[in-house]
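With mmCIF, C-alpha atoms inside, this is work13.cif:
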data_coords
#
loop_
_atom_site.label_atom_id
_atom_site.label_comp_id
_atom_site.auth_asym_id
_atom_site.auth_seq_id
_atom_site.Cartn_x
_atom_site.Cartn_y
_atom_site.Cartn_z
CA MET T 20 0.00 0.00 0.00
CA ASN T 21 1.32 3.42 -0.88
CA PRO T 22 1.15 6.48 1.38
CA ASP T 23 -1.55 8.16 -0.75
CA THR T 24 -4.00 5.26 -0.33
CA LEU T 25 -3.40 5.19 3.42
CA PHE T 26 -3.86 8.93 3.62
CA GLN T 27 -7.24 8.61 1.93
CA LEU T 28 -8.27 5.90 4.37
CA SER T 29 -7.12 7.80 7.44
CA GLY T 30 -9.28 10.90 6.85
CA PRO T 31 -12.74 9.26 6.98
CA LEU T 32 -11.62 7.09 9.90
CA ALA T 33 -10.68 10.12 12.01
CA MET T 34 -13.76 11.97 10.80
CA ALA T 35 -15.98 9.13 12.04
CA GLY T 36 -14.40 9.54 15.47
CA TRP T 37 -15.07 13.29 15.53
CA LEU T 38 -18.69 12.86 14.44
CA ALA T 39 -19.11 10.28 17.19
CA LEU T 40 -17.74 12.77 19.73
CA ALA T 41 -20.05 15.52 18.51
CA ALA T 42 -23.01 13.17 18.97
CA SER T 43 -21.66 11.67 22.19
CA PRO T 44 -24.58 12.62 24.51
CA LEU T 45 -26.63 10.06 22.56
CA ALA T 46 -24.30 7.15 23.44
CA PRO T 47 -21.51 8.27 25.81
CA ARG T 48 -19.92 4.86 26.41
CA LEU T 49 -19.99 3.73 22.79
CA THR T 50 -18.57 7.00 21.46
CA GLN T 51 -15.80 6.96 24.10
CA LEU T 52 -14.90 3.42 23.08
CA ALA T 53 -14.75 4.41 19.40
CA ALA T 54 -13.16 7.89 19.61
CA GLY T 55 -11.18 7.49 22.83
CA LEU T 56 -9.75 4.03 22.17
CA VAL T 57 -10.48 2.07 18.98
CA ILE T 58 -9.82 4.73 16.32
CA PRO T 59 -6.74 6.21 18.07
CA VAL T 60 -5.38 2.65 18.41
CA ILE T 61 -5.90 1.94 14.69
CA LEU T 62 -4.22 5.24 13.77
CA SER T 63 -1.38 4.54 16.22
CA LEU T 64 -0.87 1.10 14.70
CA GLY T 65 -0.58 2.69 11.28
CA TYR T 66 1.87 5.23 12.65
CA THR T 67 3.99 2.54 14.32
CA ALA T 68 4.08 0.41 11.18
CA LEU T 69 5.03 3.39 8.99
CA ILE T 70 7.84 4.34 11.34
CA LEU T 71 9.10 0.74 11.59
CA ALA T 72 9.08 0.39 7.82
CA ASN T 73 10.53 3.77 6.86
CA TRP T 74 12.51 5.28 9.70
CA SER T 75 15.83 3.67 8.83
CA SER T 76 15.68 4.83 5.20
CA ALA T 77 14.45 8.37 5.88
CA GLU T 78 16.84 11.30 5.81
CA GLY T 79 16.84 14.00 8.45
CA GLY T 80 16.11 13.83 12.17
CA PHE T 81 15.01 15.79 15.20
CA ASN T 82 18.18 17.76 15.88
CA SER T 83 17.47 20.93 13.93
CA LEU T 84 14.53 22.51 12.18
CA ALA T 85 16.23 21.85 8.85
CA GLU T 86 16.55 18.16 9.72
CA VAL T 87 12.91 17.93 10.77
CA MET T 88 11.86 19.57 7.50
CA LEU T 89 14.05 17.17 5.56
CA LEU T 90 12.48 14.26 7.45
CA PHE T 91 9.01 15.25 6.37
CA THR T 92 9.95 15.37 2.71
CA ASN T 93 9.70 11.57 2.83
CA PRO T 94 6.03 10.80 1.94
CA ALA T 95 5.77 7.81 4.29
CA VAL T 96 7.22 9.74 7.24
CA ALA T 97 5.01 12.76 6.44
CA LEU T 98 1.99 10.43 6.46
CA ALA T 99 3.16 9.02 9.80
CA GLY T 100 3.33 12.60 11.12
CA TRP T 101 -0.19 13.20 9.83
CA LEU T 102 -1.47 10.05 11.58
CA HIS T 103 0.24 11.29 14.74
CA TYR T 104 -1.88 14.46 14.56
CA LEU T 105 -5.08 12.56 13.81
CA ALA T 106 -4.59 10.02 16.60
CA PHE T 107 -3.55 12.47 19.33
CA ASP T 108 -6.08 15.16 18.42
CA LEU T 109 -8.90 12.64 18.53
CA PHE T 110 -7.64 11.26 21.84
CA VAL T 111 -7.63 14.78 23.27
CA GLY T 112 -11.10 15.41 21.85
CA ALA T 113 -12.40 12.29 23.57
CA TRP T 114 -10.79 13.48 26.80
CA GLU T 115 -12.53 16.86 26.48
CA VAL T 116 -15.92 15.19 26.04
CA ARG T 117 -15.25 12.84 28.96
CA THR T 118 -14.05 15.60 31.27
CA ALA T 119 -16.99 17.82 30.33
CA ARG T 120 -19.46 15.07 31.05
CA ARG T 121 -17.89 14.28 34.42
CA THR T 122 -17.82 17.90 35.59
CA GLY T 123 -21.23 18.94 34.24
CA PHE T 124 -19.75 21.18 31.57
CA PRO T 125 -22.43 21.67 28.86
CA HIS T 126 -21.92 19.70 25.67
CA LEU T 127 -22.93 22.72 23.57
CA LEU T 128 -19.81 24.50 24.85
CA VAL T 129 -17.66 21.44 24.07
CA LEU T 130 -18.73 21.46 20.43
CA PRO T 131 -16.71 24.56 19.38
CA CYS T 132 -13.73 23.14 21.31
CA LEU T 133 -14.07 19.90 19.34
CA VAL T 134 -14.15 21.78 16.03
CA LEU T 135 -11.02 23.73 17.01
CA THR T 136 -9.24 20.63 18.31
CA PHE T 137 -10.09 18.84 15.06
CA LEU T 138 -8.77 21.69 12.90
CA PHE T 139 -6.03 23.23 15.05
CA GLY T 140 -5.37 20.68 17.85
CA PRO T 141 -3.65 22.75 20.56
CA ILE T 142 -5.91 25.79 20.02
CA GLY T 143 -8.95 23.65 20.75
CA LEU T 144 -7.29 22.29 23.86
CA LEU T 145 -6.46 25.83 25.06
CA VAL T 146 -10.02 27.00 24.49
CA PHE T 147 -11.43 23.97 26.30
CA LEU T 148 -9.07 24.47 29.27
CA GLY T 149 -9.95 28.16 29.39
CA LEU T 150 -13.69 27.58 29.18
CA ARG T 151 -13.50 24.90 31.84
CA LEU T 152 -11.61 27.23 34.15
CA VAL T 153 -14.22 29.97 33.74
CA HIS T 154 -17.09 27.52 33.96
CA GLY T 155 -15.70 26.09 37.20
CA ARG T 156 -15.54 29.54 38.81
CA PHE T 157 -18.96 30.46 37.53
CA ALA T 158 -20.49 27.18 38.72
CA THR T 159 -18.96 27.68 42.18
CA GLN T 160 -20.45 31.18 42.46
CA THR T 161 -23.94 30.17 41.38
CA ALA T 162 -23.83 27.27 43.83
CA GLY T 163 -23.76 29.87 46.60
CA GLY T 164 -20.17 29.23 47.57
CA LEU T 165 -20.98 25.80 48.95
CA ALA T 166 -18.82 23.87 46.49
CA MET A 144 -8.59 10.03 32.37
CA THR A 145 -7.43 6.96 30.48
CA ASP A 146 -8.93 4.79 33.21
CA ILE A 147 -12.34 5.58 31.79
CA ALA A 148 -11.30 4.64 28.28
CA PHE A 149 -9.77 1.35 29.39
CA ALA A 150 -12.20 0.42 32.12
CA PRO A 151 -14.35 -1.90 29.94
CA LEU A 152 -11.22 -3.91 29.07
CA SER A 153 -10.00 -4.65 32.59
CA ARG A 154 -10.86 -8.01 34.12
CA PRO A 155 -12.42 -8.45 37.53
CA ALA A 156 -9.76 -9.21 40.12
CA SER A 157 -11.36 -12.53 41.01
CA HIS A 158 -10.93 -13.98 37.52
CA LYS A 159 -8.89 -17.21 37.66
CA GLY A 160 -6.88 -18.25 34.67
CA LEU A 161 -3.68 -17.92 32.73
CA PHE A 162 -2.54 -14.88 34.71
CA ASP A 163 -2.66 -16.40 38.18
CA ALA A 164 0.28 -18.78 38.47
CA GLU A 165 2.89 -16.89 36.42
CA PRO A 166 1.54 -13.38 35.80
CA LEU A 167 4.85 -12.09 34.45
CA PHE A 168 5.14 -14.77 31.73
CA ALA A 169 1.43 -14.43 30.93
CA ALA A 170 1.59 -10.64 30.62
CA ALA A 171 4.82 -10.70 28.61
CA GLY A 172 3.40 -13.38 26.31
CA MET A 173 0.22 -11.37 25.76
CA LEU A 174 2.13 -8.14 25.09
CA ILE A 175 4.44 -9.85 22.61
CA GLY A 176 1.39 -11.33 20.91
CA LEU A 177 -0.15 -7.85 20.70
CA SER A 178 3.08 -6.49 19.21
CA LEU A 179 2.30 -8.64 16.18
CA ALA A 180 -0.29 -6.05 15.11
CA PRO A 181 2.11 -3.20 14.20
CA THR A 182 4.68 -5.66 12.82
CA LEU A 183 2.14 -7.24 10.48
CA VAL A 184 1.07 -3.81 9.24
CA ALA A 185 4.74 -2.89 8.74
CA MET A 186 5.13 -6.09 6.72
CA ALA A 187 2.19 -5.04 4.53
CA LEU A 188 3.69 -1.57 3.98
CA ASP A 189 7.37 -2.43 3.63
CA GLN A 190 8.57 -3.91 0.35
CA ARG A 191 12.19 -4.40 1.46
CA GLN A 192 13.50 -7.95 1.19
CA PHE A 193 16.19 -9.82 3.05
CA LEU A 194 17.45 -13.15 1.66
CA GLY A 195 14.42 -13.29 -0.64
CA GLU A 196 11.82 -12.71 2.07
CA ASN A 197 10.11 -9.65 3.49
CA VAL A 198 12.35 -8.11 6.17
CA TRP A 199 9.51 -8.30 8.73
CA LEU A 200 8.79 -12.02 8.31
CA LYS A 201 11.48 -12.96 10.81
CA PRO A 202 10.28 -10.63 13.61
CA VAL A 203 6.74 -11.93 12.99
CA LYS A 204 7.89 -15.56 13.34
CA PHE A 205 9.82 -14.80 16.53
CA GLN A 206 6.94 -12.81 18.02
CA ILE A 207 4.56 -15.71 17.41
CA ALA A 208 7.07 -18.27 18.72
CA LEU A 209 8.13 -16.38 21.86
CA SER A 210 4.57 -15.32 22.69
CA LEU A 211 3.44 -18.94 22.42
CA TYR A 212 6.48 -20.02 24.45
CA LEU A 213 5.77 -17.67 27.37
CA LEU A 214 2.03 -18.36 27.32
CA THR A 215 2.68 -22.13 27.37
CA LEU A 216 4.98 -21.76 30.37
CA ALA A 217 2.40 -19.53 32.09
CA PHE A 218 -0.26 -22.17 31.41
CA PHE A 219 1.82 -25.04 32.85
CA ALA A 220 2.93 -22.84 35.78
CA ARG A 221 -0.33 -23.68 37.63
CA TRP A 222 1.32 -27.05 38.40
CA LEU A 223 4.51 -25.57 39.86
CA PRO A 224 4.98 -26.26 43.59
CA ALA A 225 2.90 -23.91 45.73
CA GLY A 226 4.79 -20.79 46.76
CA LEU A 227 7.64 -21.19 44.25
CA THR A 228 6.68 -18.23 42.07
CA ALA A 229 6.44 -16.01 45.16
CA GLN A 230 10.07 -16.62 46.09
CA ARG A 231 12.45 -13.76 45.49
CA SER A 232 15.03 -15.94 43.71
CA TYR A 233 12.37 -17.30 41.34
CA ARG A 234 11.01 -13.82 40.61
CA LEU A 235 14.50 -12.59 39.83
CA TYR A 236 15.04 -15.57 37.52
CA SER A 237 11.73 -15.20 35.67
CA ALA A 238 12.32 -11.48 35.22
CA THR A 239 15.73 -12.32 33.69
CA VAL A 240 14.05 -14.78 31.30
CA VAL A 241 11.54 -12.15 30.19
CA PHE A 242 14.35 -9.63 29.77
CA ALA A 243 16.22 -12.13 27.55
CA VAL A 244 13.08 -12.70 25.45
CA ILE A 245 12.51 -8.98 24.99
CA ALA A 246 16.17 -8.37 24.19
CA GLU A 247 16.05 -11.05 21.47
CA LEU A 248 12.91 -9.53 19.97
CA ALA A 249 14.26 -6.00 20.15
CA TRP A 250 17.43 -7.08 18.39
CA ILE A 251 15.62 -9.10 15.70
CA SER A 252 13.08 -6.33 15.05
CA GLY A 253 15.73 -3.62 15.11
CA ALA A 254 17.82 -5.57 12.59
CA ALA A 255 14.73 -5.93 10.38
CA MET A 256 14.02 -2.21 10.64
CA PHE A 257 17.52 -1.43 9.40
CA GLY A 258 17.51 -4.31 6.91
CA ILE A 259 20.54 -6.16 8.32
CA ALA A 260 21.02 -9.76 9.45
CA SER A 261 20.20 -10.52 13.06
CA HIS A 262 21.61 -14.05 13.03
CA PHE A 263 24.90 -15.40 11.69
CA ASN A 264 26.06 -11.80 11.39
CA VAL A 265 29.70 -11.96 12.39
CA GLY A 266 31.09 -9.48 9.86
CA THR A 267 32.40 -7.03 12.43
CA PRO A 268 33.66 -7.47 16.03
CA VAL A 269 30.62 -5.56 17.35
CA MET A 270 28.19 -7.80 15.48
CA GLN A 271 30.11 -10.87 16.59
CA GLY A 272 29.80 -9.70 20.19
CA ILE A 273 26.09 -9.08 19.86
CA TYR A 274 25.58 -12.47 18.22
CA SER A 275 27.38 -14.19 21.13
CA LEU A 276 25.29 -12.24 23.63
CA MET A 277 22.11 -13.24 21.78
CA GLY A 278 23.23 -16.87 22.00
CA LEU A 279 23.64 -16.49 25.76
CA PHE A 280 20.19 -14.92 26.03
CA ALA A 281 18.71 -17.72 23.93
CA VAL A 282 20.11 -20.34 26.31
CA LEU A 283 18.88 -18.30 29.26
CA LEU A 284 15.32 -18.05 27.96
CA THR A 285 15.23 -21.73 26.98
CA SER A 286 16.40 -22.72 30.46
CA ALA A 287 12.94 -21.78 31.77
CA THR A 288 11.60 -25.05 30.33
CA LEU A 289 14.19 -27.03 32.32
CA VAL A 290 13.49 -25.10 35.52
CA HIS A 291 9.72 -25.46 35.16
CA GLY A 292 10.02 -29.11 34.09
CA ILE A 293 12.09 -30.10 37.12
CA ALA A 294 9.91 -28.09 39.50
CA ILE A 295 6.70 -29.62 38.16
CA ARG A 296 8.27 -33.10 38.36
CA ARG A 297 9.04 -32.54 42.04
CA ASN A 298 5.52 -31.37 42.79
CA SER A 299 3.56 -34.41 44.00
CA ARG A 300 0.39 -32.39 44.54
CA THR A 301 -0.50 -31.35 41.02
CA GLY A 302 -3.70 -33.41 41.11
CA LEU A 303 -2.95 -34.47 37.53
CA PRO A 304 -3.30 -38.03 36.22
CA PRO A 305 0.22 -39.55 36.43
CA ALA A 306 0.62 -39.93 32.68
CA LEU A 307 -0.26 -36.29 32.07
CA HIS A 308 2.03 -35.12 34.87
CA LEU A 309 4.83 -37.15 33.33
CA ALA A 310 4.07 -35.82 29.83
CA ILE A 311 4.16 -32.19 30.97
CA TRP A 312 7.45 -32.26 32.87
CA LEU A 313 9.11 -34.59 30.38
CA GLY A 314 8.00 -32.38 27.48
CA LEU A 315 9.49 -29.33 29.17
CA VAL A 316 12.79 -31.04 29.98
CA LEU A 317 13.02 -32.50 26.46
CA THR A 318 12.40 -29.08 24.93
CA PHE A 319 15.41 -27.74 26.81
CA ALA A 320 17.70 -30.70 26.06
CA LEU A 321 16.82 -31.09 22.37
CA THR A 322 16.73 -27.35 21.62
CA LEU A 323 20.08 -26.82 23.28
CA VAL A 324 21.72 -29.45 21.05
CA VAL A 325 19.98 -28.52 17.79
CA ALA A 326 19.97 -24.73 18.13
CA GLY A 327 23.44 -24.75 19.67
CA THR A 328 24.78 -26.64 16.66
CA MET A 329 22.89 -24.36 14.28
CA ALA A 330 24.45 -21.28 15.90
CA SER A 331 27.93 -22.69 15.26
CA LEU A 332 27.23 -23.09 11.53
CA PRO A 333 27.68 -20.22 9.06
CA GLY A 334 23.89 -20.22 8.42
CA HIS A 335 20.77 -22.30 8.96
CA LEU A 336 21.12 -24.05 5.58
CA VAL A 337 23.45 -26.97 4.90
CA GLY A 338 24.12 -26.77 1.19
CA THR A 339 23.37 -24.16 -1.45
CA PRO A 340 19.77 -23.92 -2.72
CA VAL A 341 19.27 -23.32 -6.45
CA SER A 342 15.60 -22.61 -7.10
CA GLY A 343 14.80 -21.28 -3.62
CA ALA A 344 11.84 -23.63 -3.09
CA THR A 345 10.61 -23.60 0.51
CA VAL A 346 7.91 -25.14 2.67
CA PRO A 347 4.96 -22.72 2.89
CA ILE A 348 4.77 -20.62 6.11
CA MET A 349 7.74 -22.37 7.75
CA GLY A 350 10.16 -21.32 5.01
CA TRP A 351 12.34 -24.42 5.32
CA SER A 352 14.34 -25.23 2.22
CA ARG A 353 13.04 -28.06 0.05
CA GLU A 354 16.37 -28.48 -1.72
CA VAL A 355 19.06 -28.62 0.98
CA GLY A 356 19.35 -29.29 4.70
CA ASP A 357 17.64 -26.71 6.92
CA VAL A 358 18.42 -26.98 10.65
CA ARG A 359 15.40 -24.80 11.50
CA ALA A 360 13.17 -27.86 10.93
CA PRO A 361 14.65 -30.00 13.76
CA HIS A 362 14.83 -26.83 15.90
CA PHE A 363 11.08 -26.45 15.39
CA PHE A 364 10.38 -30.06 16.43
CA ALA A 365 12.79 -29.91 19.38
CA THR A 366 11.22 -26.77 20.79
CA HIS A 367 7.67 -28.05 20.34
CA ALA A 368 8.29 -31.07 22.59
CA MET A 369 6.63 -28.90 25.26
CA HIS A 370 3.42 -29.05 23.23
CA ALA A 371 3.68 -32.47 21.57
CA LEU A 372 4.29 -34.48 24.74
CA PRO A 373 1.45 -32.99 26.82
CA LEU A 374 -0.90 -33.58 23.88
CA ALA A 375 0.27 -37.20 23.73
CA GLY A 376 -0.21 -37.37 27.50
CA LEU A 377 -3.78 -36.10 27.19
CA LEU A 378 -4.55 -38.68 24.52
CA ALA A 379 -2.93 -41.52 26.48
CA THR A 380 -4.81 -40.55 29.66
CA ALA A 381 -8.10 -40.50 27.80
CA LEU A 382 -7.61 -43.77 25.92
CA LEU A 383 -5.50 -46.09 28.08
CA PRO A 384 -5.54 -47.50 31.62
CA GLN A 385 -3.27 -45.61 34.04
CA ARG A 386 -0.11 -47.73 33.95
CA MET A 387 -0.28 -48.24 30.20
CA ALA A 388 -0.76 -44.51 29.71
CA SER A 389 2.50 -43.61 31.46
CA ARG A 390 4.37 -46.21 29.41
CA ALA A 391 2.81 -44.84 26.25
CA VAL A 392 4.09 -41.36 27.18
CA TRP A 393 7.62 -42.74 27.60
CA VAL A 394 7.39 -44.55 24.24
CA PHE A 395 6.11 -41.36 22.59
CA ALA A 396 8.98 -39.37 24.17
CA ILE A 397 11.51 -41.83 22.75
CA LEU A 398 9.89 -41.76 19.32
CA PHE A 399 9.76 -37.96 19.40
CA THR A 400 13.45 -37.80 20.31
CA ILE A 401 14.20 -40.16 17.41
CA LEU A 402 12.19 -37.88 15.09
CA VAL A 403 14.19 -34.84 16.21
CA THR A 404 17.49 -36.72 15.96
CA ALA A 405 16.66 -38.09 12.52
CA SER A 406 15.55 -34.73 11.10
CA PHE A 407 18.61 -33.11 12.70
CA ALA A 408 20.97 -35.71 11.21
CA GLY A 409 19.21 -35.38 7.84
CA SER A 410 19.51 -31.60 7.76
CA MET A 411 23.16 -31.76 8.84
CA ALA A 412 23.74 -34.18 5.95
CA GLY A 413 22.24 -31.59 3.58
CA LEU A 414 18.89 -33.32 3.08
CA PRO A 415 15.62 -31.35 3.07
CA LEU A 416 12.85 -32.49 5.43
CA ILE A 417 10.24 -32.27 2.64
CA PRO A 418 12.02 -32.69 -0.71
CA GLU A 419 10.80 -31.26 -3.97
CA PHE A 420 8.81 -33.68 -6.07
#

Render the structure in this file as structure tokens.
Amino acid sequence: MNPDTLFQLSGPLAMAGWLALAASPLAPRLTQLAAGLVIPVILSLGYTALILANWSSAEGGFNSLAEVMLLFTNPAVALAGWLHYLAFDLFVGAWEVRTARRTGFPHLLVLPCLVLTFLFGPIGLLVFLGLRLVHGRFATQTAGGLA
Amino acid sequence: MTDIAFAPLSRPASHKGLFDAEPLFAAAGMLIGLSLAPTLVAMALDQRQFLGENVWLKPVKFQIALSLYLLTLAFFARWLPAGLTAQRSYRLYSATVVFAVIAELAWISGAAMFGIASHFNVGTPVMQGIYSLMGLFAVLLTSATLVHGIAIRRNSRTGLPPALHLAIWLGLVLTFALTLVVAGTMASLPGHLVGTPVSGATVPIMGWSREVGDVRAPHFFATHAMHALPLAGLLATALLPQRMASRAVWVFAILFTILVTASFAGSMAGLPLIPEF
């Protein structure tokens, strides 16, 4: 299988995980299993296999920006890097949904965080962490200072 | 956070099974079995060849073999003397065995990743040193069959039918003795083939040569004594009266040893186990 075919397979797979997360109030356990475990594991397997198969032949490395850029000129390694994003972003998205559910954070507020995490990983995480911080304070105040 | 994701997969603590008697061997065997998943995908992605075969075929074979090996030992460990696996000396020993197994796999997989030979690679002093160390580790990991075999033999409270008890410990001890001779000899050769193949015909899956002697065939039989004898013991216990059953196990052990010796002698003489027709 060439990197292009795998790339085309990886997109819909990750997308299915994100859609499951968006709809997670309907089936919390099932969507956590899919988006928090099964799909990240499949993507991580693909990543591992790509690295095993291509690392020794790839040029470049992690020691300088130029080396990192050279590393990602190898299509298989670039695909591995892409799978890394997909797997970890989805895992973080599943964590956001899980944490929100546990702490009573409204799912409607998680949705924009999911979109941002899907598109721009760390930005979505930052927004979620920020919203959760504010929500926690706000919830404490409305609870009359008891919590 | 991950505890929620993994909660449905964890077993209840009261579950009795493979993990109870020798949890370290059971867990290591399971993990090595799981490591097949990325290796098989790597094999599907990677077109590189080594000696006419996909570079990842060898790690796959060793992962299957060593996973099965540890899981078999973990399964038989329920008949070890009570308290043995709790002893500090035993725990140190079994941890060393698992370390040796993982070191072998790491070396074989690493060699595959870089497309170099993991065995019979004595081109440079460093490689020669590693190969010797791998030989030492191989003996160390195989010694677990001898240790378990002797310990199970000494345990009079297994509750097993005598013929099955005999078949289990004898199978383990034979695995050690036969593997040591066959694999030890193979390691001293320049390669696992005796003779030079022309067409490259091999036995499916196993990959043994069908043209010249291949010492991996007797190695396979020798190491599977730990499975063949207990199976024979099960059959004998089911079909024969008690005393006859134990004799039948001894007869089977002798025949099995003859099979290993014959296939070993044949491969050393340059003869294939399954010739081309």

Query - Hits from the PyMOL selection byres ((chain A) within 8 of (chain T)), listed as number ranges by chain - result: A: 144, 148-149, 180-189, 256-257

Deliver the residues from the most recent selection as a file, using C-alpha atoms, as a PDB file, in the frame of the given file.
ATOM      1  CA  MET A 144      -8.590  10.030  32.370  1.00  0.00           C
ATOM      2  CA  ALA A 148     -11.300   4.640  28.280  1.00  0.00           C
ATOM      3  CA  PHE A 149      -9.770   1.350  29.390  1.00  0.00           C
ATOM      4  CA  ALA A 180      -0.290  -6.050  15.110  1.00  0.00           C
ATOM      5  CA  PRO A 181       2.110  -3.200  14.200  1.00  0.00           C
ATOM      6  CA  THR A 182       4.680  -5.660  12.820  1.00  0.00           C
ATOM      7  CA  LEU A 183       2.140  -7.240  10.480  1.00  0.00           C
ATOM      8  CA  VAL A 184       1.070  -3.810   9.240  1.00  0.00           C
ATOM      9  CA  ALA A 185       4.740  -2.890   8.740  1.00  0.00           C
ATOM     10  CA  MET A 186       5.130  -6.090   6.720  1.00  0.00           C
ATOM     11  CA  ALA A 187       2.190  -5.040   4.530  1.00  0.00           C
ATOM     12  CA  LEU A 188       3.690  -1.570   3.980  1.00  0.00           C
ATOM     13  CA  ASP A 189       7.370  -2.430   3.630  1.00  0.00           C
ATOM     14  CA  MET A 256      14.020  -2.210  10.640  1.00  0.00           C
ATOM     15  CA  PHE A 257      17.520  -1.430   9.400  1.00  0.00           C
TER      16      PHE A 257
END

Spell out the residues picked by the PyMOL selection byres ((chain A and resi 344) around 8) here, as a short mmCIF file (atom, residue, chain, number, x, y, z; two decimals) with C-alpha atoms, in the frame of the given file.
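Written file, part.cif:
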data_model
loop_
_atom_site.label_atom_id
_atom_site.label_comp_id
_atom_site.auth_asym_id
_atom_site.auth_seq_id
_atom_site.Cartn_x
_atom_site.Cartn_y
_atom_site.Cartn_z
CA PRO A 340 19.77 -23.92 -2.72
CA SER A 342 15.60 -22.61 -7.10
CA GLY A 343 14.80 -21.28 -3.62
CA THR A 345 10.61 -23.60 0.51
CA VAL A 346 7.91 -25.14 2.67
CA SER A 352 14.34 -25.23 2.22
CA ARG A 353 13.04 -28.06 0.05
CA GLU A 354 16.37 -28.48 -1.72
CA GLU A 419 10.80 -31.26 -3.97
#

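Note that CA of Tyr104 (chain T) and CA of Ile142 (chain T) are 13.2 Å apart.
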
Requested in this report: Between A:Ile295, A:Leu194, A:Ala371, A:Gln206, single out the one closest to Ala225 (chain A), counting all atoms listed in the file.
Outcome: A:Ile295

Requested in this report: Just say which residues the PyMOL selection byres ((chain A and resi 219) around 12) picks in this file, as a PyMOL selection string.
Outcome: chain A and resi 160-165+168-169+212-218+220-224+287-288+290-292+294-296+301+303+307-308+310-312+314-315+369-370+373

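Neighbouring residues of region 33-44 of chain T at 9 Å or closer, counting all atoms listed in the file and skipping chain neighbours under 3 positions away, are T:Ser29, T:Gly30, T:Pro47, T:Arg48, T:Leu49, T:Thr50, T:Gln51, T:Ala53, T:Ala54, T:Gly55, T:Ile58, T:Pro59, T:Leu62, T:Leu105, T:Ala106, T:Leu109, T:Gly112, T:Ala113, T:Val116, T:Arg120, T:His126, T:Val129, T:Leu130, T:Leu133, T:Val134, T:Phe137.
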
Report summary line: Min atom-atom distance to Asp23 (chain T) from the set T:Leu45, T:Leu128, T:Val96, T:Ala77, counting all atoms listed in the file, belongs to T:Val96

Taking all listed atoms of region 77-85 of chain T, build the axis-aligned box, pad each of the six sides by 3 Å, then write its centre and edge lengths in Å to one decimal as lines of an AutoDock Vina configuration file.
center_x = 16.3
center_y = 15.4
center_z = 10.8
size_x = 9.7
size_y = 20.1
size_z = 16.1

Query raised in the report: From the set A:Ile417, A:Leu398, A:Ser210, A:Ser275, which residue has the shortest atom-to-atom contact distance to Pro347 (chain A), counting all atoms listed in the file?
Result: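 Smallest distance to Pro347 (chain A) is found for A:Ile417.
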
Requested in this report: Quick one: pull the distance between CA of Met329 (chain A) and CA of Arg359 (chain A), Å, one decimal.
Outcome: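 Value for the CA of Met329 (chain A)-CA of Arg359 (chain A) distance: 8.0 Å.
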